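S.K.: The structure follows.
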Amino acid sequence: METVTRFAPSPTGYIHIGNVRSAIYPYLLAKQQNGKMILRIEDTDRGRYVEGATELIEDTLEWLGLNWDEGPIVGGPHAPYFQSERQEIYHEYARRLIAAGRAYADPTPPEQIEEYRKECNAKKVPFLYRNFRPNDTPEWQPGIPLRFKAEPKDYEWHDEVMGDMHAGPEVQDDIILIKQDGFPTYNFAHIVDDAEMGVTHVMRGVEYLSSTPNYLELYDALKLERPKLVSLPHILAPQGNKKLGKRDGAKSVTEYRDDGVLSEAMLNYLACLGWNDGTEQEIYTKDELIKAFSLDRIQTSGARYDETKLLWVNGQWIRRIFDEQGVEALYTRTAEFWPEVANNHPDDYKKRVLSIIYDRLKTLSDLREMTAYFFAEPEVDLDMIIQNKFLKKLSESELENLLKQSIEKLSSLSEWDADVLQDALNQLLQDTGRKPAELFSLIRLSLSFAPFSPALNLTLEVLGRDVSLARLNTVARAI
RNA sequence: GGUCUCUUAGUAUAACGGUUAGUACAUCGGGUUUUCAUCCCGACAACGCGGGUUCGACUCCCGCAGAGAUCACCA
């Protein structure tokens with residue numbers, strides 16, 4: 001049987017790191033088994049619906065390369081993929097349940113139900129609606145909620161992550177199937193849709209584990225085959241012991257894109273948070289993940305989100321793309337991340353800058369801070385030179401002389417490339433008798449006035465003869 | 001409160017009865033002719049507690065503790 005998985009978010013906002021794993025794992029599993037992943041939008045709660053959230057979801061999945069085989073935009077044989085457009089299907093299943101005596105219309109007013117609930121809370125006893133099941137129930141019609149008629153018993157099932165599970169009758173209840181407004185609840189709708197769409201693996205957060213017996217009873221009552229159940233542990237907030245949520249400042253996945261994180265790195269990090277293949281590999285391509293993925297190696301406990309490691313993975317990916325695919329490949333990813341002053345500079349020049357700075361980047365947006373002096377004259381800040389830990393023991397005239405000698409040497413060069421420059425710098429060290437830390441710091445700071453920069457000969461090469469010498473002269477005059 | 005789940009260094013994890021408990025991030029130190037970064041080398045650092053079973057337990061069993069989830073006309 002073909003493996004069919006699904007990602008079924010509700011359009012209530014952006015996708016954040018805490019919940020995107022329930023898209024990644026279904027995708028990996030489906031691809032590995034040459035199956036399909038369905039994207040289904042669970043928009044049955046009109047109150048929480050957020051305009052544009054569906055697009056946000058699609059955007060996130062597309063960015064990560066989690067292409068769904070059926071769903072919005074691409075369509076498919078089980079359309080529509082918005083639950084709000086599937087009313088009739090749910091109602092038909094509901095009627096089946098009524099006919100089988102397993103569902104009833106419940107006229108009890110919400111205030112009354114609230115009373116029951118309070119009563120139970122006061123008595124410190126679990127609230128089970130089935131204990132308050134009304135005797136006379138009207139015929140089901142619009143405007144009256146429809147409830148499941150639970151027939152509690154022991155249930156055993158297997159969860160692909162959590163293992164063999166069992167639960168007693170005390171957790172099964174008369175859950176609402178269809179709300180007063182005619183929309184189904186998640187509890188009902190997902191069962192119907194998963195069956196209709198041929199979903200073989202239901203992957204979702206562990207929070208659904210405790211309601212599983214209710215779902216199992218629903219499968220039985222509807223004579224549906226149970227799909228494989230896969231509970232995914234939560235991703236925990238960096239601090240405290242709670243699952244990562246928007247309230248803990250969980251950023252949207254795509255916000256990281258805007259901050260210069262590569263999608264490869266994001267996917268890599270997230271996939272390996274709470275899953276590993278038993279090897280010591282840390283960096284995975286999407287294809288490698290698809291190949292290596294397995295349900296039984298998903299961790300059973302929650303994993304804490306660690307942004308530092310994400311950034312490390314991102315740095316690895318930046319270097320990997322450069323080293324394996326070349327400047328061009330990395331450069332095409334950097335478009336929005338250059339400082340404004342770089343705008344009117346030619347691509348070739350920016351690529352040269354990129355090739356000498358790329359291994360210093362943790363995120364692509366570091367380019368903004370780290371490369372400005374390649375495109376505009378840095379502001380001369382003599383204090384940076386005078387206070388420098390290697391230079392502060394030199395007098396101003398010593399600094400001036402050093403600069404003058406450097407200018408003389410560099411301007412005598414007939415060629416201006418990294419090797420020639422390195423030779424010249426070495427000679428300069430000999431001629432002046434200075435330590436590298438002194439001479440190089442002075443030149444480096446005079447060129448950039450930046451806290452850090454690439455190797456000196458490379459910086460000089462890319463900056464070019466005219467700009468380099470002009471900057472050195474400016475500083476020599478200023479001292 | 002009921003039910004369910006989880007528990008290896010600061011973090012993510014490996015181990016599937018016998019290892020000096022491995023790896024990565026982070027931290028700290030050192031090296032690569034300046035800085036920052038990369039890269040390399042090194043250090044620090046963990047089996048929640050208590051009982052069993054066993055020649056032997058991180059691994060199996062039972063308690064306890066701690067943490068989490070759930071108990072909606074939300075998903």
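Residue numbering restarts at 1 for every chain of the structure tokens, chains are lettered A, B, ... in their displayed order, and ligands are numbered from 1 as they appear.
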Which residues, written as JSON, numbers by chain, have at least one atom at most 9 Å from Met203 in chain A, with only C-alpha atoms (C1' of nucleotides) counted and residues fewer than 5 positions away on the same chain left out?
M.R.: {"A": [5, 6, 7, 22, 23, 25, 26, 228, 229, 230, 231, 232]}
S.K.: How about saving the chosen residues, N, CA and C atoms kept, as a tab-separated table (two decimals), in the first residue's frame?
M.R.:
chain	number	residue	atom	x	y	z
A	5	THR	N	0.99	10.48	3.77
A	5	THR	CA	1.06	11.25	5.01
A	5	THR	C	0.40	12.60	4.77
A	6	ARG	N	0.24	13.32	5.84
A	6	ARG	CA	-0.36	14.65	5.63
A	6	ARG	C	0.16	15.63	6.66
A	7	PHE	N	0.13	16.88	6.25
A	7	PHE	CA	0.39	17.97	7.18
A	7	PHE	C	-0.92	18.74	7.18
A	22	SER	N	6.01	18.76	12.37
A	22	SER	CA	4.93	17.88	11.94
A	22	SER	C	4.65	18.04	10.45
A	23	ALA	N	5.44	18.87	9.78
A	23	ALA	CA	5.40	18.91	8.32
A	23	ALA	C	6.63	18.18	7.77
A	25	TYR	N	8.59	15.66	9.11
A	25	TYR	CA	8.62	14.21	9.21
A	25	TYR	C	7.65	13.52	8.25
A	26	PRO	N	6.41	14.01	8.14
A	26	PRO	CA	5.53	13.39	7.14
A	26	PRO	C	6.11	13.49	5.72
A	228	LYS	N	-1.71	4.21	10.81
A	228	LYS	CA	-0.61	4.14	11.76
A	228	LYS	C	-0.55	5.47	12.50
A	229	LEU	N	-0.36	5.39	13.78
A	229	LEU	CA	-0.35	6.61	14.59
A	229	LEU	C	1.08	6.95	15.01
A	230	VAL	N	1.43	8.18	14.82
A	230	VAL	CA	2.79	8.63	15.09
A	230	VAL	C	2.75	9.91	15.93
A	231	SER	N	3.15	9.80	17.18
A	231	SER	CA	3.14	10.98	18.04
A	231	SER	C	4.51	11.64	18.06
A	232	LEU	N	4.53	12.91	17.76
A	232	LEU	CA	5.80	13.62	17.74
A	232	LEU	C	5.96	14.46	19.00
S.K.: Neighbouring residues of Tyr373 in chain A were defined as those with any atom within 12 Å, considering only C-alpha atoms (C1' of nucleotides); residues of the same chain fewer than 2 positions away were excluded. Please report them as a ChimeraX atom specification.
M.R.: /A:338-342,353,367-371,375-380,444-454,459-460,462-463,467-468,471
S.K.: Given a cut-off of 9 Å, which residues of chain B touch chain A, counting only C-alpha atoms (C1' of nucleotides), written out as a PyMOL selection string?
M.R.: chain B and resi 1-7+11-14+23-26+33-38+67-71+73-75
S.K.: Next, write the just-selected residues to a file, as an mmCIF file, in the first residue's frame, keeping C-alpha atoms (C1' of nucleotides) as the atom set.
M.R.:
data_model
loop_
_atom_site.group_PDB
_atom_site.id
_atom_site.type_symbol
_atom_site.label_atom_id
_atom_site.label_comp_id
_atom_site.auth_asym_id
_atom_site.auth_seq_id
_atom_site.Cartn_x
_atom_site.Cartn_y
_atom_site.Cartn_z
ATOM 1 C "C1'" G B 1 -7.548 15.745 41.034
ATOM 2 C "C1'" G B 2 -8.122 11.572 36.926
ATOM 3 C "C1'" U B 3 -5.599 9.525 32.693
ATOM 4 C "C1'" C B 4 -1.268 9.219 29.701
ATOM 5 C "C1'" U B 5 3.891 10.234 28.494
ATOM 6 C "C1'" C B 6 8.934 11.416 29.411
ATOM 7 C "C1'" U B 7 13.991 11.423 32.417
ATOM 8 C "C1'" U B 11 21.958 21.778 24.955
ATOM 9 C "C1'" A B 12 21.034 17.854 21.060
ATOM 10 C "C1'" U B 13 22.143 12.908 21.150
ATOM 11 C "C1'" A B 14 25.017 7.476 20.823
ATOM 12 C "C1'" U B 23 29.807 12.426 19.117
ATOM 13 C "C1'" A B 24 28.221 17.506 18.017
ATOM 14 C "C1'" C B 25 26.917 22.559 19.760
ATOM 15 C "C1'" A B 26 28.191 25.790 23.803
ATOM 16 C "C1'" U B 33 52.462 35.312 10.392
ATOM 17 C "C1'" U B 34 47.049 40.948 12.544
ATOM 18 C "C1'" U B 35 41.605 40.943 13.895
ATOM 19 C "C1'" C B 36 37.163 38.033 13.424
ATOM 20 C "C1'" A B 37 35.945 33.450 11.388
ATOM 21 C "C1'" U B 38 37.264 28.790 9.281
ATOM 22 C "C1'" A B 67 8.947 17.409 34.185
ATOM 23 C "C1'" G B 68 5.329 17.446 30.282
ATOM 24 C "C1'" A B 69 0.517 16.475 27.874
ATOM 25 C "C1'" U B 70 -4.699 16.106 28.266
ATOM 26 C "C1'" C B 71 -9.560 16.464 30.679
ATOM 27 C "C1'" C B 73 -19.102 23.635 20.360
ATOM 28 C "C1'" C B 74 -9.476 24.913 19.725
ATOM 29 C "C1'" A B 75 -6.845 22.387 16.793
#
S.K.: Output as number ranges by chain all residues of range 201-402 of chain A that backbone DSSP marks as strand (DSSP E or B).
M.R.: A: 201-205, 228-232, 235-236, 243, 252, 275, 298, 303-304
S.K.: Could you write out that same residue set with C-alpha atoms as a short mmCIF file (atom, residue, chain, number, x, y, z; two decimals), in the first residue's frame?
M.R.:
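That gives us selection-v4.cif:
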data_model
loop_
_atom_site.label_atom_id
_atom_site.label_comp_id
_atom_site.auth_asym_id
_atom_site.auth_seq_id
_atom_site.Cartn_x
_atom_site.Cartn_y
_atom_site.Cartn_z
CA HIS A 201 0.31 7.58 8.74
CA VAL A 202 -1.20 10.15 11.06
CA MET A 203 1.70 12.19 12.39
CA ARG A 204 0.99 14.88 14.90
CA GLY A 205 2.15 16.29 18.22
CA LYS A 228 -0.61 4.14 11.76
CA LEU A 229 -0.35 6.61 14.59
CA VAL A 230 2.79 8.63 15.09
CA SER A 231 3.14 10.98 18.04
CA LEU A 232 5.80 13.62 17.74
CA ILE A 235 10.05 21.09 20.82
CA LEU A 236 10.74 22.87 24.07
CA LYS A 243 6.71 23.45 24.60
CA SER A 252 8.15 32.09 12.32
CA TRP A 275 15.67 12.43 15.54
CA ILE A 298 12.34 9.62 16.57
CA ALA A 303 13.90 18.44 22.58
CA ARG A 304 14.92 21.92 23.50
#
S.K.: Write out as an mmCIF file with C-alpha atoms, in the first residue's frame the residues lying within 10 Å of Val199 in chain A, counting only C-alpha atoms (C1' of nucleotides) and excluding same-chain residues fewer than 5 positions away.
M.R.:
data_model
loop_
_atom_site.group_PDB
_atom_site.id
_atom_site.type_symbol
_atom_site.label_atom_id
_atom_site.label_comp_id
_atom_site.auth_asym_id
_atom_site.auth_seq_id
_atom_site.Cartn_x
_atom_site.Cartn_y
_atom_site.Cartn_z
ATOM 1 C CA GLU A 2 1.255 3.423 -0.895
ATOM 2 C CA THR A 3 2.356 5.549 2.017
ATOM 3 C CA VAL A 4 0.255 8.666 2.380
ATOM 4 C CA THR A 5 1.061 11.246 5.014
ATOM 5 C CA ARG A 6 -0.362 14.654 5.630
ATOM 6 C CA LYS A 36 2.562 11.167 -1.080
ATOM 7 C CA MET A 37 2.228 13.988 1.347
ATOM 8 C CA ILE A 38 -1.047 15.819 1.443
ATOM 9 C CA ILE A 191 -10.880 11.136 11.089
ATOM 10 C CA ASP A 193 -10.620 13.297 5.981
ATOM 11 C CA ASP A 194 -7.779 10.941 6.739
ATOM 12 C CA ARG A 226 -6.922 2.540 11.792
ATOM 13 C CA PRO A 227 -4.053 4.417 10.216
ATOM 14 C CA LYS A 228 -0.611 4.141 11.764
#
S.K.: Calculate how many Å separate CA of Lys251 in chain A from CA of Arg21 in chain A, rounding to one decimal.
M.R.: 14.2 Å
S.K.: Please run DSSP on the backbone and report, as a PyMOL selection string, all residues within range 440-479 of chain A that come out as helix (DSSP H, G or I).
M.R.: chain A and resi 440-448+456-463+465-478
